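Engineer: Quick one: the structure is below, and I'll ask about it shortly.
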Amino acid sequence: MSGTLNYNEKKVQKNMAELLTVENYPLDKDYLTFQHKLNRLENQAALNKNVTSNSVHISLNFDTSERLEKEQLVAIANTYMEKIGFGEQPYLVYQHFDAGHPHIHIVSVKVRPDGSRVDTQNIGKNQSEKARKEIEIAFNLVKAEDSKQKEKYKLEPISAEKVRYGKMQTKGAISNVLKTVIDSYKYSSIHELNALLRLYNVMADRGSEHSKMYRSNGLMYRILDEQGNKIGAPIKASQFYMKPTMKKLEEKFKQNEGLKNPHLVRIKNAIDLALLQNPNQSLHALMKALQREGIATVLRQNDTGRIYGITYIDHKTKVVFNGSDLGKQYSAKAMQARCSPNPSQETKSRQQLSEKIQGEMLPGKLKLVTDTSLTDALLKEEYTGETLPFDLRKNKKKKRQGFSIN
């Protein structure tokens, strides 16, 4: 109960949510502290000790075209709770601003004032579905599409740009990136996968090594800002239709190990040839040269800007290699030694450099040579290549809506 309430209250503290109303509380919302809100729910939950999972967390999601006032959202929430049998329960309604579509969260308790339990078995399929359809008509809302469970998370393709927090639907944007990346590229570790996802401002997050999520082999996906900082609410891997969980990824890591190796020589040759042609170039210039060969270079840096890791992503063969896996001379330390520092470039932020190169590696900006032979390629003209599947290049928007209960 405290975790559910705390999640919403922290959003309020960060100005990412607003408490719209509290219902069946003895005081108005403006006079309630966090402890008041929690005590009301916990005291009622304590009336039936047999109900171990006693909290309920509901989200009502609306079409991106909806322009709903606070009063309308409160009215919809109250109507919904009444229709699913929670009208007399204490509950709090929060409006969240952390996604590209309007949505509200409702926190309540499953135990009634008389100690009986509110039956939530199949409530999403039965009471909630019926309530949703009635509310759509009563409030003149955009109707959710009727679809099978398999189609529930089938989303329209997005533009092949980085995910922009607040400008795209969080789950939809992440889902479409994962749908293409997970099965199309060959990577053999979570770090290699994250180097690839970083190109689209997405991250697979296991949590810290001492966290419960890490120990239980859990995984969440989340959006990053342009500086690589985590932003917005994380989404469990199991909530995506394709289920890109750690267990599934670990199976892919093993499969991809052998599949990657035949393409290792191409990346090494590209690096060696680029340095042979210009032995005094900076790391920045080398990254630009590899970019023309369809190879993205992702740098890993600490808080002070020191480069401690390098990952190569070959968009042409769709493989990802950690630098040291290519050989000691291709590691981050060795590559910095093999490249000549450029004073004018060294004064710039290395983080900005890495992000600039990553951004230019997105489809539509990448130039590939027409021949896989790097020697022959030097004599041929360049052409604009397509490095990622067509799914991620369509510029469409998906309307996300519906109600969910946890």
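For the structure tokens, the naming scheme is as follows: chains receive sequential letters (A, B, ...) according to their order of presentation, residues are indexed from 1 within each chain, and ligands are indexed from 1 in presentation order.
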As a ChimeraX atom specification, list the residues of region 269-304 of chain A assigned to strand (DSSP E) by DSSP on the backbone atoms of this structure.
Structural biologist: /A:295-301
Engineer: Fewer than 3 positions away in the same chain doesn't count, so skip those; otherwise give me all residues within 12 Å of Ala138 (chain A), counting only C-alpha atoms, as a list in words.
Structural biologist: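 Result of the neighbour search: Gln72, Ala75, Ile76, Thr79, Tyr80, Ala131, Arg132, Lys133, Glu134, Ile135, Leu141, Val142 and Lys143 of chain A.
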Engineer: Would you save the residues of that selection, restricted to C-alpha atoms, as an mmCIF file, in the first residue's frame?
Structural biologist:
```cif
data_model
loop_
_atom_site.group_PDB
_atom_site.id
_atom_site.type_symbol
_atom_site.label_atom_id
_atom_site.label_comp_id
_atom_site.auth_asym_id
_atom_site.auth_seq_id
_atom_site.Cartn_x
_atom_site.Cartn_y
_atom_site.Cartn_z
ATOM 1 C CA GLN A 72 -13.911 16.056 -16.357
ATOM 2 C CA ALA A 75 -16.029 12.988 -12.994
ATOM 3 C CA ILE A 76 -14.752 10.141 -15.179
ATOM 4 C CA THR A 79 -18.074 7.260 -12.507
ATOM 5 C CA TYR A 80 -15.596 4.519 -13.251
ATOM 6 C CA ALA A 131 -17.525 0.621 -17.581
ATOM 7 C CA ARG A 132 -15.068 1.799 -20.216
ATOM 8 C CA LYS A 133 -17.577 1.457 -23.049
ATOM 9 C CA GLU A 134 -20.326 3.203 -21.088
ATOM 10 C CA ILE A 135 -18.009 6.056 -20.077
ATOM 11 C CA LEU A 141 -14.650 10.128 -25.604
ATOM 12 C CA VAL A 142 -12.682 8.612 -28.460
ATOM 13 C CA LYS A 143 -13.529 4.915 -28.406
#
```
Engineer: Separation of CA of Lys37 (chain A) and CA of Phe62 (chain A), in Å?
Structural biologist: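 CA of Lys37 (chain A) sits 26.4 Å away from CA of Phe62 (chain A).
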Engineer: Between CA of Gly309 (chain A) and CA of Asp325 (chain A), measure the distance and give it in Å to one decimal.
Structural biologist: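 Between CA of Gly309 (chain A) and CA of Asp325 (chain A) the gap is 11.4 Å.
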Engineer: Could you check the closest approach to Lys316 (chain A) for each of A:Met1, A:Ile295, A:Ile137, A:Ile182 and tell me which residue wins, using only C-alpha atoms?
Structural biologist: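 Closest candidate: A:Ile295.
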